[in-house]
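Accompanying notes for the structure given below.
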Amino acid sequence: MNDPNLTDRLYECGAVFAKDIDKQMSPIISFLLTGVLPLILFIALGNYMAKKLMEHAGGKNSMAFGMGKSNAKIYVQSSEGIRFSDVAGEDEAKENLSEIVDYLHNPKKYTDVGASMPKGVLLVGPPGTGKTMLAKAVAGESNVPFFSMSGSEFVEMFVGMGASKVRDLFGQAKEKAPCIVFIDEIDAIGKKRDGQMGGNDEREQTLNQLLTEMDGFEGNNGVIILAATNRPESLDPALTRPGRFDRQIFVNRPDVRGREAILKVHARNKPIDATVDFKTIARITSGFTGADLENCLNEAAILAARDNRRQITMADVNEGITKMEMGPAKKSRLVTEHDKRITAYHEAGHAILACSLKNCEPVHEVTIIPRGMAAGFTMTRPENDNEHVSKAYLLDNITMTLGGRIAEELVIEDYCTGASGDIKALTERCRKMVTEWGMSEKVGLLYYGGDQEVFVGRDYHSTQGYSEETAALIDEEVRRIVDECHERGTEILKGKLDILHNMAKVLITKETIHTDEVNMLMQGKSAAEVIDFIDVKYSTEDKKTAVTGTDDGRLPH
C-alpha cells in the first residue's frame, strides 16, 4: 500500500527507531564451517573405509577396493539344499565322493589304518553330466564349510591379482578347516604352460600360486579341493599329478538305467500323467545327459501349460525330445505340394531302408513338417547303449542315410538339394572308417586322422603325415564304400516300391507317422488302411483325454 504519511503517524504514536542489526557471520566461524569441518569429515570417512577394508580382508595384504580379495561363495552347514539322493545316474561318482564326506565326519576311521583323503579330486566329464551338481551334493551332505568359486574369477586385468585371490581363498579355508574348496571350470587357470614369450603371465602366476597352495612347504591339512572340467587333456601335468589332484572321477553320460533314475528325480515336482513311461523315455533318449533330460521334461511341462492342461502326457514328452533335437515345428511355413511330395518320398526312403537293414535302429518317427533347418526328418532310436560300433552297423547306417537320395532317383528321376546334409554326414563317417578305425583292407590298420592343425606356410605332407599316393588311396576307398552302399540301397528300394508309394501317400496326408504306422506299411498294409488306423487311434486318445479333462472341468485342446 502506498502510504506517504506512514512515518509521521509512527512518530506521533511514539514509535522508537534504532539502527539495523548486522547479520553478517563472523569470518572465523565462516572459515571453520566452510574449510576445516569438511576436511575433518573427509579424513574421518577415509579412515573408516580403510579400517573396514582391513577388517574384511583379515588384516593381511588388503588391496585397494578389495581387488585381491577372493569372491568365493561360502556355504556353511545346512539341513537344506541338494543331497546325494537328488543326484541320479552316477552311482560310482557318488560312491567316491561319499568317501570324502565320510572322512570329514569320521576322520579317525581312516587315520587308524594309515589312510588319508586325497588333497584334490578332479571331476571330469562332458558338459551337462552333473559335475557341478555333484559338488553341490557334497556341500549339502558335509557338515563343514564349503567354498565355491569359478576358475574364471581368478583371472584379473592386473598381473598378480589372481595369485592374491588364491592366497586369500586358501587363507580363509585354512582358518575354517576342515572344509571343502570347489573350483568350477578349473581349465580357465589350469591350462598347460607353454613357456613361450607373450603368454598370459597373469594366468600362469595364478596357476603357480595354486600349485604352491595345494602342495607346497606349508601344510594344507583339512582342506580338500574339488574341481570340475570337461577338458582334462588341456590341464597342466603339475596340476594333475598325485599330491595335488590325487583322484580323477569320471562323470560320463548315463546309461539307460541312469537316465530312468534321472527322469524320476526331475519328475518329482511335476504332475505326470499315467501314460508317461519312464523306461520308454530312457530307451529313446540314448546319449542324453542329465541336463538334456531335465530340459526335456521342462519342455514337456511348457507344452502342457500352453494347452491349459494340468498333467504332462507321453505325447508332450515325445514332442519335447523332438523339439530339443530338431528344433520347433514350423507349422506356419508355407510348403508347396511339389516340395511336400519330394520330402515325403525322401523320408520314406530313409524309413524303409532303416526297417529293411539288420543293423539299423528301429524307426521312431517320420515327419515332413519342417523343423529347424530340415524340411523333414526320420528319427531312429537305439534299443541299447552299445559302446562298440561294428563295421556292419556303419555300412547299414550309411546305406540308410543314402535312402532319401535313392528314393528321389527312383521316383522323382532327378536330383534335389535336400540330401546335402545326408551326403556330408556319410562322407565324414566313411572317411573315419578308412583313416581312423582301420576298416579298409587297402589302407590297412594305420591311423591317418587329420587331428593336426594346418598352419600357413607348412608343407601338406608334413601336416597330414602321409603322401599324395596315400591320400588318393583314401579318397578311392571312401568313394568305393559310398558307391557300394548306394548300389545296395537301390536294390532294396527297387523291391519295395509299393511300400515307398504307400508311405509317401500317408506322409502327404498325415504329415507325421510313428513306429506303429511304419510297421503296418512294412507289412504290406495300404495307405488307406494306415490312414484309417491313424484316425481311429487319435480319436480314441482324444476321447480318453476328454474323459479325464482338467482339474477345473475344462477340456484340453
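Labels for the C-alpha cells follow display order: chains A, B, ..., residues from 1 in each chain, ligands from 1.
Within the 12 Å cut-off around region 2-7 of chain A, using only C-alpha atoms and omitting residues fewer than 5 positions from it on the same chain, the listed residues are Glu12, Cys13, Gly14, Ala15, Val16 and Phe17 of chain A.
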Neighbours of Asp246 (chain A) within 10 Å (only C-alpha atoms; same-chain residues fewer than 2 positions away dropped), as a ChimeraX atom specification? /A:117-122,239-244,248
Output as an MDAnalysis selection string all residues of region 211-250 of chain A that backbone DSSP marks as strand (DSSP E or B). chainID A and resid 223:229 235 247:250
Selected residue, from A:Asn397, A:Ser85, A:Ser116, A:Ser152, that lies nearest to Lys136 (chain A) when counting only C-alpha atoms: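 Comparing A:Asn397, A:Ser85, A:Ser116, A:Ser152 against Lys136 (chain A), the winner is A:Ser85.
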Selected residue of minimal separation from Ile513 (chain A) among A:Ala344, A:Leu104, A:Val411, A:Leu426, counting only C-alpha atoms: A:Ala344
Using only C-alpha atoms, which residue out of A:Arg257, A:Lys131, A:His388, A:His266 lies closest to Asp184 (chain A)?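 Of the candidates, the smallest distance to Asp184 (chain A) is held by A:Lys131.
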Return the single residue from A:Arg381, A:His338, A:Arg259, A:Arg405 that is closest to Thr515 (chain A), with distances computed using only C-alpha atoms.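 Among the listed residues, A:Arg381 lies closest to Thr515 (chain A).
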Residues near region 365-367 of chain A, cut-off 10 Å, only C-alpha atoms, skip fewer than 4 positions along chain, as a ChimeraX atom specification: /A:318,322,343-344,347-348,350-351,371,375-381,503,507-508,510-518
Saved selection, atoms kept: N, CA, C and O atoms, as a short mmCIF file (atom, residue, chain, number, x, y, z; two decimals), in the first residue's frame:
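selection12.cif was written with the following content:
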data_model
loop_
_atom_site.label_atom_id
_atom_site.label_comp_id
_atom_site.auth_asym_id
_atom_site.auth_seq_id
_atom_site.Cartn_x
_atom_site.Cartn_y
_atom_site.Cartn_z
N ASN A 318 7.41 -86.74 -25.84
CA ASN A 318 7.93 -87.04 -27.18
C ASN A 318 8.16 -85.76 -27.98
O ASN A 318 9.17 -85.62 -28.67
N THR A 322 11.76 -84.27 -29.44
CA THR A 322 11.94 -83.88 -30.84
C THR A 322 12.29 -82.40 -30.96
O THR A 322 13.13 -82.02 -31.79
N THR A 343 9.76 -84.29 -50.29
CA THR A 343 10.15 -84.58 -48.91
C THR A 343 9.55 -85.89 -48.43
O THR A 343 10.20 -86.67 -47.73
N ALA A 344 8.30 -86.16 -48.80
CA ALA A 344 7.64 -87.41 -48.39
C ALA A 344 8.39 -88.62 -48.92
O ALA A 344 8.64 -89.59 -48.19
N GLU A 347 11.94 -88.94 -47.10
CA GLU A 347 11.89 -89.51 -45.75
C GLU A 347 11.41 -90.95 -45.77
O GLU A 347 11.85 -91.77 -44.95
N ALA A 348 10.51 -91.28 -46.68
CA ALA A 348 10.07 -92.68 -46.80
C ALA A 348 11.22 -93.58 -47.20
O ALA A 348 11.33 -94.73 -46.74
N HIS A 350 14.41 -93.17 -46.38
CA HIS A 350 15.17 -93.40 -45.15
C HIS A 350 14.50 -94.46 -44.28
O HIS A 350 15.14 -95.40 -43.79
N ALA A 351 13.19 -94.31 -44.06
CA ALA A 351 12.47 -95.19 -43.14
C ALA A 351 12.45 -96.64 -43.63
O ALA A 351 12.65 -97.58 -42.85
N ARG A 371 11.37 -78.57 -39.40
CA ARG A 371 11.88 -78.25 -38.06
C ARG A 371 13.30 -77.75 -38.22
O ARG A 371 14.13 -78.40 -38.87
N ALA A 375 13.67 -79.86 -43.81
CA ALA A 375 12.31 -79.87 -44.36
C ALA A 375 11.51 -81.04 -43.81
O ALA A 375 10.28 -81.06 -43.90
N GLY A 376 12.17 -82.03 -43.23
CA GLY A 376 11.56 -83.20 -42.62
C GLY A 376 12.66 -84.06 -42.04
O GLY A 376 13.85 -83.77 -42.21
N PHE A 377 12.31 -85.12 -41.35
CA PHE A 377 13.35 -85.98 -40.79
C PHE A 377 12.77 -87.35 -40.48
O PHE A 377 11.56 -87.53 -40.31
N THR A 378 13.67 -88.33 -40.41
CA THR A 378 13.36 -89.68 -39.97
C THR A 378 14.18 -89.95 -38.72
O THR A 378 15.42 -89.92 -38.78
N MET A 379 13.52 -90.20 -37.61
CA MET A 379 14.20 -90.36 -36.33
C MET A 379 14.22 -91.84 -35.94
O MET A 379 13.18 -92.48 -35.89
N THR A 380 15.41 -92.37 -35.70
CA THR A 380 15.56 -93.74 -35.21
C THR A 380 16.05 -93.70 -33.77
O THR A 380 16.74 -92.76 -33.37
N ARG A 381 15.72 -94.74 -33.01
CA ARG A 381 16.10 -94.80 -31.61
C ARG A 381 16.80 -96.12 -31.33
O ARG A 381 16.27 -97.18 -31.65
N MET A 503 3.82 -95.24 -48.22
CA MET A 503 4.32 -94.43 -47.11
C MET A 503 4.34 -92.95 -47.48
O MET A 503 4.00 -92.07 -46.65
N LEU A 507 2.31 -89.92 -45.57
CA LEU A 507 3.01 -88.73 -45.09
C LEU A 507 2.43 -87.46 -45.68
O LEU A 507 2.30 -86.44 -44.97
N ILE A 508 2.07 -87.49 -46.94
CA ILE A 508 1.47 -86.30 -47.55
C ILE A 508 0.13 -85.98 -46.90
O ILE A 508 -0.22 -84.80 -46.70
N LYS A 510 -1.03 -87.19 -43.66
CA LYS A 510 -0.99 -87.01 -42.20
C LYS A 510 0.25 -86.28 -41.71
O LYS A 510 0.32 -85.91 -40.53
N GLU A 511 1.25 -86.11 -42.53
CA GLU A 511 2.48 -85.37 -42.25
C GLU A 511 3.43 -86.05 -41.27
O GLU A 511 4.63 -85.88 -41.36
N THR A 512 2.90 -86.83 -40.32
CA THR A 512 3.76 -87.48 -39.32
C THR A 512 3.25 -88.89 -39.05
O THR A 512 2.04 -89.08 -38.86
N ILE A 513 4.15 -89.86 -39.03
CA ILE A 513 3.81 -91.22 -38.63
C ILE A 513 4.84 -91.72 -37.63
O ILE A 513 5.96 -91.20 -37.56
N HIS A 514 4.43 -92.74 -36.85
CA HIS A 514 5.31 -93.27 -35.81
C HIS A 514 5.55 -94.76 -36.03
O HIS A 514 5.22 -95.30 -37.09
N THR A 515 6.08 -95.41 -35.03
CA THR A 515 6.53 -96.80 -35.16
C THR A 515 5.41 -97.72 -35.63
O THR A 515 5.60 -98.55 -36.52
N ASP A 516 4.21 -97.60 -35.03
CA ASP A 516 3.11 -98.50 -35.38
C ASP A 516 2.73 -98.37 -36.85
O ASP A 516 2.53 -99.39 -37.55
N GLU A 517 2.62 -97.15 -37.33
CA GLU A 517 2.23 -96.95 -38.72
C GLU A 517 3.32 -97.43 -39.69
O GLU A 517 3.03 -98.01 -40.74
N VAL A 518 4.59 -97.21 -39.33
CA VAL A 518 5.69 -97.68 -40.18
C VAL A 518 5.67 -99.20 -40.26
O VAL A 518 5.83 -99.78 -41.36
#
Atomic distance CA of His364 (chain A) - CA of Gly290 (chain A), expressed in Å with one decimal: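 CA of Gly290 (chain A) lies 21.8 Å from CA of His364 (chain A).
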Surrounding residues of region 89-94 of chain A excluding itself and chain neighbours under 5 positions, 9 Å, only C-alpha atoms, as JSON, numbers by chain: {"A": [84, 99, 123, 129, 130, 134, 138, 249, 250, 251, 252, 253, 254, 255, 256, 257, 258, 259, 260, 261, 262, 290]}
Can I get the selected residues back with N, CA and C atoms, as an mmCIF file, in the first residue's frame?
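Dumped everything to part_22.cif:
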data_model
loop_
_atom_site.group_PDB
_atom_site.id
_atom_site.type_symbol
_atom_site.label_atom_id
_atom_site.label_comp_id
_atom_site.auth_asym_id
_atom_site.auth_seq_id
_atom_site.Cartn_x
_atom_site.Cartn_y
_atom_site.Cartn_z
ATOM 1 N N PHE A 84 22.800 -86.222 -2.012
ATOM 2 C CA PHE A 84 23.128 -87.293 -2.947
ATOM 3 C C PHE A 84 21.876 -87.981 -3.474
ATOM 4 N N GLU A 99 33.008 -91.097 0.157
ATOM 5 C CA GLU A 99 34.172 -91.360 0.995
ATOM 6 C C GLU A 99 34.733 -90.073 1.587
ATOM 7 N N LEU A 123 36.726 -83.687 -11.039
ATOM 8 C CA LEU A 123 35.541 -84.235 -11.703
ATOM 9 C C LEU A 123 35.670 -83.972 -13.196
ATOM 10 N N THR A 129 26.736 -83.343 -17.627
ATOM 11 C CA THR A 129 26.627 -84.652 -16.991
ATOM 12 C C THR A 129 26.446 -84.567 -15.483
ATOM 13 N N GLY A 130 26.552 -83.375 -14.891
ATOM 14 C CA GLY A 130 26.239 -83.229 -13.466
ATOM 15 C C GLY A 130 27.437 -83.048 -12.566
ATOM 16 N N LEU A 134 27.048 -82.623 -8.547
ATOM 17 C CA LEU A 134 27.672 -83.486 -7.550
ATOM 18 C C LEU A 134 28.407 -82.667 -6.493
ATOM 19 N N VAL A 138 27.803 -82.632 -2.437
ATOM 20 C CA VAL A 138 28.821 -82.758 -1.398
ATOM 21 C C VAL A 138 28.659 -81.650 -0.369
ATOM 22 N N ILE A 249 37.607 -88.397 -10.966
ATOM 23 C CA ILE A 249 36.317 -89.079 -11.010
ATOM 24 C C ILE A 249 35.667 -88.747 -12.340
ATOM 25 N N PHE A 250 35.431 -89.762 -13.143
ATOM 26 C CA PHE A 250 34.849 -89.557 -14.465
ATOM 27 C C PHE A 250 33.326 -89.590 -14.355
ATOM 28 N N VAL A 251 32.703 -88.509 -14.800
ATOM 29 C CA VAL A 251 31.244 -88.386 -14.786
ATOM 30 C C VAL A 251 30.782 -88.504 -16.236
ATOM 31 N N ASN A 252 30.392 -89.708 -16.626
ATOM 32 C CA ASN A 252 30.049 -89.974 -18.021
ATOM 33 C C ASN A 252 28.556 -89.768 -18.275
ATOM 34 N N ARG A 253 28.179 -89.894 -19.534
ATOM 35 C CA ARG A 253 26.761 -89.845 -19.884
ATOM 36 C C ARG A 253 26.064 -91.060 -19.269
ATOM 37 N N PRO A 254 24.883 -90.900 -18.730
ATOM 38 C CA PRO A 254 24.221 -92.011 -18.036
ATOM 39 C C PRO A 254 23.762 -93.096 -18.998
ATOM 40 N N ASP A 255 23.719 -94.335 -18.499
ATOM 41 C CA ASP A 255 23.171 -95.433 -19.282
ATOM 42 C C ASP A 255 21.653 -95.428 -19.158
ATOM 43 N N VAL A 256 21.009 -96.472 -19.683
ATOM 44 C CA VAL A 256 19.548 -96.460 -19.739
ATOM 45 C C VAL A 256 18.945 -96.472 -18.341
ATOM 46 N N ARG A 257 19.548 -97.218 -17.406
ATOM 47 C CA ARG A 257 19.025 -97.210 -16.039
ATOM 48 C C ARG A 257 19.278 -95.870 -15.359
ATOM 49 N N GLY A 258 20.432 -95.291 -15.629
ATOM 50 C CA GLY A 258 20.712 -93.972 -15.063
ATOM 51 C C GLY A 258 19.771 -92.910 -15.589
ATOM 52 N N ARG A 259 19.455 -92.971 -16.894
ATOM 53 C CA ARG A 259 18.521 -91.989 -17.462
ATOM 54 C C ARG A 259 17.129 -92.136 -16.839
ATOM 55 N N GLU A 260 16.715 -93.366 -16.611
ATOM 56 C CA GLU A 260 15.413 -93.567 -15.974
ATOM 57 C C GLU A 260 15.393 -92.984 -14.564
ATOM 58 N N ALA A 261 16.471 -93.200 -13.818
ATOM 59 C CA ALA A 261 16.540 -92.647 -12.455
ATOM 60 C C ALA A 261 16.570 -91.123 -12.478
ATOM 61 N N ILE A 262 17.299 -90.543 -13.429
ATOM 62 C CA ILE A 262 17.360 -89.080 -13.538
ATOM 63 C C ILE A 262 15.989 -88.508 -13.878
ATOM 64 N N GLY A 290 22.253 -85.576 -18.126
ATOM 65 C CA GLY A 290 21.269 -85.201 -17.120
ATOM 66 C C GLY A 290 20.634 -83.861 -17.411
#
